[in-house]
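To be precise, the following lines are upload.cif, and they hold mmCIF, C-alpha atoms and all ligand atoms.
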data_target
loop_
_atom_site.label_atom_id
_atom_site.label_comp_id
_atom_site.auth_asym_id
_atom_site.auth_seq_id
_atom_site.Cartn_x
_atom_site.Cartn_y
_atom_site.Cartn_z
CA MET M 1 108.35 144.91 84.65
CA LEU M 2 106.26 142.99 87.12
CA SER M 3 103.21 145.22 86.95
CA GLY M 4 100.51 144.15 84.54
CA LEU M 5 101.67 140.54 84.15
CA LYS M 6 98.96 138.13 83.04
CA ALA M 7 98.41 135.15 85.33
CA PRO M 8 99.06 131.90 83.43
CA ALA M 9 96.32 129.28 83.25
CA PRO M 10 96.64 126.95 86.26
CA ASP M 11 97.73 123.32 85.86
CA LYS M 12 94.36 121.53 85.77
CA ILE M 13 95.62 118.49 87.67
CA LEU M 14 97.17 120.51 90.49
CA ALA M 15 94.12 122.83 90.63
CA LEU M 16 91.90 119.77 91.14
CA THR M 17 93.96 118.77 94.22
CA GLN M 18 93.27 122.21 95.70
CA MET M 19 89.56 121.91 94.95
CA PHE M 20 89.49 118.49 96.64
CA ARG M 21 91.14 119.90 99.78
CA GLU M 22 88.51 122.62 100.00
CA ASP M 23 85.57 120.18 99.71
CA PRO M 24 84.15 119.83 103.27
CA ARG M 25 82.47 116.43 102.61
CA ASP M 26 83.90 113.45 104.51
CA ALA M 27 83.04 110.87 101.86
CA LYS M 28 85.09 112.45 99.07
CA ILE M 29 87.49 110.49 96.86
CA ASP M 30 90.59 111.99 95.22
CA LEU M 31 91.35 110.33 91.88
CA GLY M 32 93.29 113.32 90.53
CA VAL M 33 97.04 113.82 90.74
CA GLY M 34 99.23 110.82 89.84
CA VAL M 35 100.66 109.91 93.22
CA TYR M 36 100.56 106.33 94.57
CA ARG M 37 98.54 105.86 97.74
CA THR M 38 98.06 102.82 99.96
CA PRO M 39 94.50 101.65 100.78
CA GLU M 40 94.80 103.91 103.86
CA GLY M 41 95.43 106.91 101.61
CA VAL M 42 99.10 107.30 102.51
CA THR M 43 101.95 107.92 100.05
CA PRO M 44 104.64 105.97 101.90
CA VAL M 45 108.40 106.36 101.96
CA MET M 46 109.52 102.96 100.65
CA ARG M 47 111.47 100.73 103.07
CA ALA M 48 114.61 100.62 100.91
CA VAL M 49 114.51 104.40 100.51
CA LYS M 50 114.49 104.88 104.29
CA ALA M 51 117.35 102.40 104.66
CA ALA M 52 119.36 104.08 101.88
CA GLU M 53 118.82 107.51 103.43
CA LYS M 54 120.04 106.20 106.77
CA ARG M 55 123.12 104.77 105.11
CA ILE M 56 123.79 108.03 103.28
CA TRP M 57 123.39 109.94 106.55
CA ASP M 58 125.87 107.61 108.23
CA GLU M 59 128.44 107.45 105.46
CA GLN M 60 128.31 110.73 103.53
CA THR M 61 131.32 112.89 104.39
CA THR M 62 130.76 115.84 102.06
CA LYS M 63 128.04 117.71 100.27
CA SER M 64 130.42 119.41 97.88
CA TYR M 65 129.34 119.61 94.24
CA THR M 66 129.06 116.47 92.13
CA GLY M 67 129.98 116.55 88.43
CA LEU M 68 127.76 118.36 85.92
CA ALA M 69 126.19 115.05 84.89
CA GLY M 70 125.50 114.05 88.50
CA ASP M 71 126.72 110.85 90.15
CA PRO M 72 127.92 108.38 87.45
CA ALA M 73 126.73 105.44 89.61
CA TYR M 74 123.16 106.79 89.36
CA ALA M 75 123.29 107.07 85.57
CA ARG M 76 124.86 103.60 85.25
CA GLY M 77 122.36 101.97 87.59
CA LEU M 78 119.31 103.55 86.03
CA ALA M 79 120.55 103.04 82.46
CA GLY M 80 120.98 99.34 83.29
CA MET M 81 117.48 99.15 84.74
CA ILE M 82 115.96 100.77 81.66
CA LEU M 83 118.04 99.28 78.85
CA GLY M 84 118.83 95.85 80.30
CA GLU M 85 121.74 93.89 78.91
CA GLY M 86 121.13 94.40 75.19
CA ILE M 87 122.77 97.80 74.68
CA ASP M 88 126.50 98.46 74.83
CA PRO M 89 127.00 101.06 77.62
CA GLY M 90 129.58 102.62 75.29
CA ARG M 91 126.66 103.84 73.16
CA THR M 92 125.04 105.77 76.01
CA ALA M 93 125.40 109.22 77.54
CA ALA M 94 123.35 110.57 80.45
CA ILE M 95 122.74 113.46 82.81
CA ALA M 96 120.85 113.55 86.07
CA THR M 97 118.01 116.07 85.92
CA PRO M 98 115.51 117.57 88.37
CA GLY M 99 112.81 114.90 88.01
CA GLY M 100 111.47 113.33 84.85
CA THR M 101 110.12 116.75 83.95
CA GLY M 102 113.69 118.07 83.94
CA ALA M 103 114.71 115.18 81.67
CA VAL M 104 111.88 115.97 79.25
CA ARG M 105 112.89 119.63 79.25
CA GLN M 106 116.57 118.84 78.67
CA ALA M 107 115.70 116.42 75.86
CA PHE M 108 113.77 119.20 74.11
CA GLU M 109 116.69 121.59 74.78
CA LEU M 110 118.97 119.07 73.09
CA VAL M 111 116.66 118.84 70.07
CA LYS M 112 116.23 122.60 69.84
CA ALA M 113 119.91 123.47 70.13
CA HIS M 114 121.38 120.51 68.26
CA GLY M 115 118.65 118.78 66.23
CA ARG M 116 117.48 119.74 62.74
CA ALA M 117 116.48 123.45 63.01
CA ASP M 118 112.83 122.89 62.08
CA ALA M 119 112.42 119.47 63.68
CA THR M 120 108.82 118.80 64.70
CA VAL M 121 108.09 117.01 67.95
CA TRP M 122 105.20 114.56 67.51
CA VAL M 123 103.14 113.82 70.62
CA SER M 124 100.31 111.39 71.22
CA ASP M 125 96.75 112.72 71.29
CA PRO M 126 96.28 112.97 74.22
CA THR M 127 99.54 113.18 76.14
CA TRP M 128 100.72 114.35 79.58
CA PRO M 129 99.69 118.06 79.53
CA ASN M 130 103.16 119.15 80.71
CA HIS M 131 104.64 117.91 77.42
CA ILE M 132 102.53 120.50 75.62
CA THR M 133 103.22 123.19 78.23
CA ILE M 134 106.98 122.77 77.87
CA LEU M 135 106.91 122.57 74.06
CA ARG M 136 104.77 125.73 73.85
CA HIS M 137 107.01 127.53 76.32
CA MET M 138 110.01 126.61 74.18
CA GLU M 139 108.12 127.57 71.00
CA MET M 140 108.97 124.26 69.35
CA PRO M 141 107.01 122.99 66.32
CA THR M 142 104.65 120.28 67.56
CA ARG M 143 102.18 117.91 65.91
CA THR M 144 99.95 115.24 67.34
CA TYR M 145 99.43 111.66 66.23
CA ARG M 146 96.24 109.71 66.89
CA TYR M 147 96.58 107.45 69.90
CA PHE M 148 93.46 106.80 71.94
CA ASP M 149 90.28 105.42 70.40
CA ASP M 150 87.41 106.94 72.41
CA ALA M 151 85.01 104.24 71.22
CA THR M 152 87.05 101.24 72.38
CA CYS M 153 89.28 102.95 75.02
CA LYS M 154 92.21 101.13 73.37
CA VAL M 155 95.13 102.42 71.31
CA ASP M 156 94.15 103.36 67.75
CA VAL M 157 97.24 101.70 66.29
CA GLU M 158 96.22 102.04 62.66
CA GLY M 159 95.49 105.76 63.13
CA MET M 160 98.76 106.21 64.99
CA LEU M 161 100.81 104.54 62.25
CA ALA M 162 98.98 106.42 59.50
CA ASP M 163 99.82 109.74 61.20
CA LEU M 164 103.41 108.78 61.93
CA ALA M 165 103.88 107.90 58.25
CA GLU M 166 104.03 111.67 57.76
CA VAL M 167 107.00 112.32 60.05
CA ALA M 168 110.02 113.86 58.32
CA GLU M 169 113.63 112.82 58.65
CA GLY M 170 115.04 114.37 61.84
CA ASP M 171 111.64 114.74 63.51
CA ILE M 172 111.22 113.59 67.11
CA VAL M 173 108.45 111.17 68.05
CA LEU M 174 107.60 111.27 71.75
CA LEU M 175 106.32 107.93 73.05
CA HIS M 176 105.36 106.87 76.57
CA GLY M 177 107.55 103.90 77.49
CA CYS M 178 104.73 102.27 79.48
CA CYS M 179 101.61 103.14 81.50
CA HIS M 180 100.45 105.91 79.14
CA ASN M 181 99.44 109.10 80.91
CA PRO M 182 96.56 110.05 80.75
CA THR M 183 94.83 107.11 79.04
CA GLY M 184 96.28 103.88 80.54
CA ALA M 185 96.12 102.30 77.05
CA ASN M 186 99.43 100.88 75.82
CA LEU M 187 101.10 99.47 72.73
CA THR M 188 101.48 95.68 72.44
CA ALA M 189 104.85 94.10 71.61
CA ALA M 190 103.72 93.74 68.00
CA ASP M 191 102.70 97.42 67.90
CA TRP M 192 106.15 98.49 69.19
CA THR M 193 107.78 96.54 66.37
CA ARG M 194 105.61 98.30 63.79
CA VAL M 195 106.43 101.69 65.32
CA ALA M 196 110.17 100.85 65.33
CA ASP M 197 110.02 99.79 61.65
CA LEU M 198 108.20 102.96 60.67
CA LEU M 199 110.55 105.31 62.55
CA ALA M 200 113.58 103.54 61.06
CA GLU M 201 112.09 103.90 57.59
CA ARG M 202 111.30 107.61 58.10
CA GLY M 203 114.64 108.48 59.74
CA ALA M 204 112.90 109.94 62.81
CA THR M 205 114.27 109.82 66.36
CA PRO M 206 112.16 108.32 69.13
CA MET M 207 112.06 110.11 72.45
CA ILE M 208 110.70 107.87 75.19
CA ASP M 209 109.23 109.30 78.37
CA ILE M 210 109.34 106.51 80.95
CA ALA M 211 107.91 107.68 84.28
CA TYR M 212 106.18 104.51 85.53
CA GLN M 213 108.61 101.61 84.97
CA GLY M 214 107.48 98.81 87.31
CA PHE M 215 103.88 100.07 87.63
CA GLY M 216 102.50 98.18 84.61
CA ASP M 217 103.61 94.60 83.92
CA GLY M 218 106.92 94.61 85.84
CA LEU M 219 110.31 96.32 85.59
CA ASP M 220 111.57 94.41 82.55
CA ALA M 221 108.25 94.12 80.74
CA ASP M 222 107.62 97.86 81.10
CA ALA M 223 110.96 98.65 79.45
CA ALA M 224 110.48 96.21 76.54
CA GLY M 225 109.33 98.87 74.04
CA THR M 226 112.20 101.20 75.00
CA ARG M 227 114.70 98.35 74.67
CA LEU M 228 113.36 97.36 71.27
CA LEU M 229 113.70 100.92 69.95
CA ALA M 230 117.21 101.25 71.40
CA GLU M 231 118.21 98.00 69.68
CA ARG M 232 116.59 98.76 66.35
CA LEU M 233 117.26 102.50 65.83
CA PRO M 234 120.55 104.34 65.54
CA GLU M 235 119.57 107.02 68.06
CA VAL M 236 117.10 107.17 70.96
CA LEU M 237 116.40 109.83 73.61
CA ILE M 238 115.04 108.60 76.94
CA ALA M 239 113.59 110.80 79.69
CA ALA M 240 113.21 108.76 82.88
CA SER M 241 111.69 109.58 86.24
CA CYS M 242 112.28 107.93 89.63
CA SER M 243 109.42 109.85 91.26
CA LYS M 244 106.89 107.00 91.13
CA ASN M 245 108.84 103.75 91.15
CA PHE M 246 111.05 104.87 94.05
CA GLY M 247 108.31 107.03 95.61
CA ILE M 248 110.71 110.00 95.88
CA TYR M 249 108.51 112.56 94.15
CA ARG M 250 109.78 115.66 95.93
CA GLU M 251 113.46 114.72 95.69
CA ARG M 252 113.38 115.40 91.94
CA ALA M 253 115.31 112.47 90.49
CA GLY M 254 115.26 112.12 86.70
CA LEU M 255 117.66 111.06 83.97
CA LEU M 256 118.12 112.08 80.36
CA LEU M 257 119.69 109.06 78.68
CA THR M 258 120.77 108.91 75.05
CA VAL M 259 121.73 105.98 72.86
CA SER M 260 123.81 106.79 69.78
CA ASP M 261 126.72 105.44 67.79
CA ALA M 262 129.53 104.59 70.22
CA SER M 263 131.90 106.89 68.31
CA GLU M 264 129.60 109.86 69.11
CA ALA M 265 128.73 109.07 72.72
CA GLY M 266 131.65 110.98 74.24
CA THR M 267 130.71 114.19 72.44
CA VAL M 268 127.02 113.69 73.26
CA GLN M 269 128.01 113.44 76.94
CA LEU M 270 129.86 116.79 76.73
CA VAL M 271 126.83 118.40 75.09
CA LEU M 272 124.54 117.03 77.82
CA ASN M 273 126.89 118.31 80.54
CA ALA M 274 126.82 121.74 78.88
CA LEU M 275 123.00 121.69 78.84
CA ASN M 276 122.97 121.05 82.60
CA ARG M 277 125.51 123.84 83.11
CA ALA M 278 123.50 126.33 81.06
CA ASN M 279 120.27 125.53 82.88
CA TYR M 280 121.14 124.90 86.54
CA SER M 281 124.79 123.80 86.77
CA PHE M 282 124.69 120.71 88.98
CA PRO M 283 121.58 118.55 89.19
CA PRO M 284 120.01 117.60 92.56
CA ASP M 285 121.90 114.77 94.25
CA HIS M 286 119.95 113.43 97.22
CA GLY M 287 117.30 111.55 95.20
CA PRO M 288 119.80 110.12 92.70
CA ARG M 289 122.06 109.04 95.60
CA ILE M 290 119.15 107.14 97.16
CA VAL M 291 118.50 105.41 93.83
CA ALA M 292 122.18 104.60 93.27
CA THR M 293 122.47 103.22 96.81
CA ILE M 294 119.46 100.94 96.31
CA LEU M 295 120.43 99.74 92.84
CA GLY M 296 124.02 99.11 93.94
CA ASP M 297 123.17 96.91 96.95
CA ALA M 298 121.68 93.45 96.36
CA ASP M 299 119.59 93.41 99.57
CA LEU M 300 118.21 96.92 99.24
CA ARG M 301 117.48 96.30 95.59
CA ALA M 302 115.59 93.09 96.31
CA ASP M 303 113.54 94.76 99.04
CA TRP M 304 112.75 97.75 96.81
CA GLN M 305 111.67 95.44 93.97
CA ALA M 306 109.45 93.45 96.34
CA GLU M 307 107.70 96.60 97.57
CA LEU M 308 107.37 97.95 94.02
CA GLU M 309 105.81 94.63 92.99
CA GLU M 310 103.30 94.85 95.87
CA THR M 311 102.42 98.35 94.69
CA ARG M 312 101.93 97.18 91.12
CA LEU M 313 99.80 94.20 92.11
CA SER M 314 97.61 96.31 94.40
CA MET M 315 96.75 98.60 91.48
CA LEU M 316 96.03 95.60 89.24
CA ALA M 317 93.70 94.14 91.86
CA LEU M 318 91.80 97.45 92.07
CA ARG M 319 91.50 97.51 88.28
CA ARG M 320 89.98 94.01 88.26
CA GLN M 321 87.62 94.82 91.10
CA LEU M 322 86.43 98.01 89.38
CA ALA M 323 85.96 96.28 86.02
CA ASP M 324 83.99 93.46 87.74
CA GLU M 325 81.77 95.88 89.67
CA LEU M 326 81.04 97.82 86.50
CA ARG M 327 80.27 94.63 84.58
CA GLN M 328 77.63 93.78 87.16
CA ARG M 329 76.18 97.27 87.54
CA THR M 330 75.98 98.05 83.81
CA ASN M 331 75.28 94.48 82.75
CA SER M 332 77.79 94.99 79.94
CA SER M 333 81.45 94.58 79.04
CA ARG M 334 81.77 98.28 78.30
CA TYR M 335 84.29 98.95 81.09
CA ASP M 336 86.36 95.77 80.73
CA PHE M 337 89.17 97.94 79.35
CA ILE M 338 89.90 99.15 82.89
CA ALA M 339 91.36 95.72 83.71
CA ASP M 340 93.41 95.76 80.48
CA HIS M 341 94.87 99.23 81.01
CA ARG M 342 98.14 99.51 82.92
CA GLY M 343 99.73 101.98 85.31
CA MET M 344 98.09 104.49 87.59
CA PHE M 345 95.63 105.93 85.13
CA SER M 346 92.65 105.03 83.00
CA ARG M 347 90.65 107.37 80.83
CA LEU M 348 87.05 106.44 81.40
CA GLY M 349 85.49 108.10 78.37
CA ALA M 350 83.04 110.21 80.43
CA SER M 351 82.08 113.69 79.19
CA PRO M 352 83.22 116.83 81.08
CA ASP M 353 79.62 117.26 82.30
CA GLU M 354 79.56 113.71 83.65
CA VAL M 355 82.92 114.25 85.36
CA ALA M 356 81.54 117.43 87.00
CA LYS M 357 78.36 115.61 88.03
CA MET M 358 80.31 112.79 89.70
CA ARG M 359 82.25 115.45 91.61
CA GLU M 360 79.12 117.32 92.67
CA ASP M 361 76.86 114.36 93.44
CA PHE M 362 79.37 111.84 94.82
CA GLY M 363 82.47 113.88 95.82
CA ILE M 364 84.54 111.91 93.29
CA TYR M 365 87.37 113.97 91.86
CA MET M 366 88.83 112.89 88.51
CA VAL M 367 90.60 115.05 85.92
CA GLY M 368 88.24 116.79 83.43
CA ASP M 369 89.20 114.45 80.57
CA SER M 370 87.87 111.59 82.80
CA ARG M 371 91.34 110.35 83.78
CA LEU M 372 91.21 108.58 87.11
CA ASN M 373 94.09 107.58 89.36
CA ILE M 374 93.47 103.95 90.25
CA ALA M 375 95.74 104.27 93.32
CA GLY M 376 93.31 106.80 94.80
CA LEU M 377 90.87 103.90 95.35
CA ASN M 378 90.69 101.06 97.87
CA ALA M 379 88.49 97.96 98.12
CA ASP M 380 85.79 99.97 99.95
CA THR M 381 85.66 102.94 97.58
CA VAL M 382 85.68 100.91 94.33
CA PRO M 383 81.94 100.09 94.70
CA VAL M 384 81.20 103.76 95.43
CA LEU M 385 82.94 104.79 92.21
CA ALA M 386 81.28 101.99 90.22
CA ARG M 387 77.84 103.14 91.41
CA ALA M 388 78.65 106.76 90.52
CA ILE M 389 79.82 105.78 87.03
CA ALA M 390 76.83 103.50 86.40
CA GLN M 391 74.38 106.18 87.54
CA THR M 392 76.04 109.13 85.84
CA CYS M 393 77.51 108.01 82.52
CA ALA M 394 75.33 107.76 79.44
N1 LIG T 401 106.29 112.08 82.30
C1 LIG T 401 105.08 111.65 82.58
C2 LIG T 401 104.28 110.99 81.52
C3 LIG T 401 104.54 111.82 83.86
O1 LIG T 401 103.32 111.38 84.11
C4 LIG T 401 105.32 112.46 84.84
C5 LIG T 401 104.73 112.73 86.15
O2 LIG T 401 104.76 112.04 87.03
C6 LIG T 401 106.62 112.85 84.50
C7 LIG T 401 107.06 112.66 83.22
C8 LIG T 401 107.63 113.49 85.41
O3 LIG T 401 107.50 113.37 86.71
P1 LIG T 401 108.55 114.01 87.72
O4 LIG T 401 109.04 115.30 87.13
O5 LIG T 401 107.76 114.22 88.96
O6 LIG T 401 109.65 113.03 87.89
O1 LIG T 402 100.00 113.46 85.66
C1 LIG T 402 100.18 113.45 86.89
O2 LIG T 402 99.25 113.49 87.68
C2 LIG T 402 101.60 113.32 87.43
C3 LIG T 402 101.98 114.37 88.44
O3 LIG T 402 102.33 119.63 86.45
C4 LIG T 402 102.07 115.76 87.89
O4 LIG T 402 102.46 113.25 86.35
C5 LIG T 402 100.93 116.48 87.58
C6 LIG T 402 101.01 117.77 87.11
C7 LIG T 402 102.25 118.35 86.95
C8 LIG T 402 103.40 117.65 87.26
C9 LIG T 402 103.30 116.34 87.72
#

Mind converting the file's structure to structure tokens?
Amino acid sequence: MLSGLKAPAPDKILALTQMFREDPRDAKIDLGVGVYRTPEGVTPVMRAVKAAEKRIWDEQTTKSYTGLAGDPAYARGLAGMILGEGIDPGRTAAIATPGGTGAVRQAFELVKAHGRADATVWVSDPTWPNHITILRHMEMPTRTYRYFDDATCKVDVEGMLADLAEVAEGDIVLLHGCCHNPTGANLTAADWTRVADLLAERGATPMIDIAYQGFGDGLDADAAGTRLLAERLPEVLIAASCSKNFGIYRERAGLLLTVSDASEAGTVQLVLNALNRANYSFPPDHGPRIVATILGDADLRADWQAELEETRLSMLALRRQLADELRQRTNSSRYDFIADHRGMFSRLGASPDEVAKMREDFGIYMVGDSRLNIAGLNADTVPVLARAIAQTCA
């Protein structure tokens, strides 16, 4: 069976990391994979995470199995952080999953096994490439809606709404809760309202992938679109990740959270438990336990929020510095959008040739679609990048 297998195409983002490692130049800059780094280039373990791990080490008396849904305190804490006060917890059901990717996968499993048989999943053009990889792997009908306007580097809201006007009842519309990956361009509050109205009118179900809560405008502001949809629509699927905002990437902490009619929530929970059982039985626990420990302790929570806020503000400062440098070097407002984008990423609008040239001439590594990870920069490398962009891009 194993002879003659065809090697799958590599993940372009992960392949870029490998290419960067193999580049012998000292003055190289990695703006590829979406991992936060300090100005010194370190991806730190957050203070509250260290403290929570110590507490778990001290206090944990067993590593026996948890329930199929994972630790209920984790689901409760994270659901509260995402949904705020406006949603009756009696309307929710949730399972811990291996990372946000696991939550995305389980959400699609839920749709495939229990949604309308021919439901189409609508994704933004462009979206996180793993969305497409998983949907293709699962052979689920997929369509794209317009999202990013290459000319302005903003959201093409009118195009988006025109495309979403074609969704059928029972279709799933995948939206990024905040900090859109890969573009960095996000819906305004008014745009979210228009999307909510349209989905309600069409009878479609929103699925929100929220992997960067706290990286954009703050924990509450970044969840505002998700909260609006949960308040306005009868049903919402939410795939959340703790990889970035808790900095626990390798621990694989995610959550699939659903909001439905309260009378259905108990059955939804049993279906979600069964999906975990059919796929991997019990979800990972160490990452979720860290998160539950932090969210359940006022001091740890405050310290975590303070460090997350520092992280967010450092990325915003780099955005402003880069936009300013580019304003001066190009003598134009062409790159002002970089300061308006939010999260780790911005799509620059450079061609694949220009991206390759910046890699070859300057040792600057960004993804082929010209997505750059802002957190890969520091105050010293911003001018290097600005010079490369100004010299390379038409
Ligand atoms: N969704 C989006 C849009 C992402 O960018 C990521 C990656 O960080 C994820 C989901 C899932 O991340 P993880 O599986 O590492 O939690
Ligand atoms: O987009 C990114 O860079 C992050 C990390 O297969 C990532 O979301 C990249 C590729 C991948 C899984 C996660």

Point out the residue among M:Thr152, M:Thr293, M:Asn130, M:Thr61 with the least atom-to-atom distance to Gly102 in chain M, counting only C-alpha atoms.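 Ranking M:Thr152, M:Thr293, M:Asn130, M:Thr61 by distance to Gly102 in chain M, first place goes to M:Asn130.
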
Write out, as a tab-separated table, each residue of range 154-175 of chain M that has an atom at most 12 Å from range 104-113 of chain M, together with the closest pair of atoms and their distance in Å to one decimal, counting all atoms listed in the file, rows going by chain and rising number.
residue	atom	partner	partner_atom	distance
M:Gly170	CA	M:Val111	CA	9.5
M:Asp171	CA	M:Val111	CA	9.2
M:Ile172	CA	M:Val111	CA	8.1
M:Val173	CA	M:Phe108	CA	11.4
M:Leu174	CA	M:Val104	CA	9.8
M:Leu175	CA	M:Val104	CA	11.6

Can I get the residues close to ligand LIG 401 (chain T) as a PyMOL selection string, where close means within 8 Å and we count all atoms listed in the file? chain M and resi 34-35+98-104+127-128+130-131+176+180-182+209-212+239-244+249-250+252-254

Between M:Ser314, M:Asn273, M:Thr183, M:Ser260, which one has atoms that come closest to ligand LIG 402 (chain T), using all atoms listed in the file?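 Comparing M:Ser314, M:Asn273, M:Thr183, M:Ser260 against ligand LIG 402 (chain T), the winner is M:Thr183.
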
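Among the candidate residues M:Ala51, M:Leu385, M:Ala350, M:Ile134, the one lying nearest to ligand LIG 402 (chain T) is M:Ile134, with distances computed using all atoms listed in the file.
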
Can you tell me, as a PyMOL selection string, what residues are no more than 9 Å from Ala189 in chain M when counting all atoms listed in the file, ignoring any on the same chain fewer than 5 positions away? chain M and resi 194+224-225

Excluding Ile13 in chain M and residues on its chain fewer than 4 positions from it, collect all residues at most 7 Å away from it, counting only C-alpha atoms, and give them as an NGL selection string. :M and (17 or 32-33 or 367)

Dig up all the protein and nucleic acid residues within 8 Å of (82.9, 113.6, 82.4) in the file frame, using only C-alpha atoms, and format them as a PDB file with C-alpha atoms, keeping the file's coordinate frame.
ATOM      1  CA  GLY M 349      85.490 108.100  78.370  1.00  0.00           C
ATOM      2  CA  ALA M 350      83.040 110.210  80.430  1.00  0.00           C
ATOM      3  CA  SER M 351      82.080 113.690  79.190  1.00  0.00           C
ATOM      4  CA  PRO M 352      83.220 116.830  81.080  1.00  0.00           C
ATOM      5  CA  ASP M 353      79.620 117.260  82.300  1.00  0.00           C
ATOM      6  CA  GLU M 354      79.560 113.710  83.650  1.00  0.00           C
ATOM      7  CA  VAL M 355      82.920 114.250  85.360  1.00  0.00           C
ATOM      8  CA  ALA M 356      81.540 117.430  87.000  1.00  0.00           C
ATOM      9  CA  LYS M 357      78.360 115.610  88.030  1.00  0.00           C
ATOM     10  CA  MET M 358      80.310 112.790  89.700  1.00  0.00           C
ATOM     11  CA  GLY M 368      88.240 116.790  83.430  1.00  0.00           C
ATOM     12  CA  ASP M 369      89.200 114.450  80.570  1.00  0.00           C
ATOM     13  CA  SER M 370      87.870 111.590  82.800  1.00  0.00           C
ATOM     14  CA  CYS M 393      77.510 108.010  82.520  1.00  0.00           C
TER      15      CYS M 393
END

In the coordinates of the file, take the point (124.0, 98.1, 77.8) and a cut-off of 12 Å; then, counting all atoms listed in the file, name each qualifying protein, DNA or RNA residue as a PyMOL selection string. chain M and resi 75-93+227+230-231+257-260+262

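If you look at CA of Gln60 in chain M and CA of Val45 in chain M, they are 20.4 Å away from each other.
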
So how far away is CA of Glu325 in chain M from CA of Arg342 in chain M, in Å? 18.1 Å

Find, counting all atoms listed in the file, the residue in M:Pro129, M:Pro72, M:Gly376, M:Pro24 that gets nearest to ligand LIG 402 (chain T). M:Pro129

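Nearest to ligand LIG 402 (chain T) of all the residues M:Cys179, M:Ala69, M:Ala190, M:Leu295 is M:Cys179, based on only C-alpha atoms and all ligand atoms.
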
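Distances to ligand LIG 402 (chain T) were evaluated for M:Gly184, M:Gly218, M:Gly159, M:Gly4 using all atoms listed in the file, and the minimum falls at M:Gly184.
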
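Note that CA of Ala200 in chain M and CA of Glu169 in chain M are 9.6 Å apart.
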
Hey, what's within 10 Å of Leu199 in chain M if we count all atoms listed in the file and toss same-chain stuff fewer than 3 positions away? As number ranges by chain, please? M: 161, 164-165, 167-169, 171-173, 193-196, 202-206, 229, 232-233
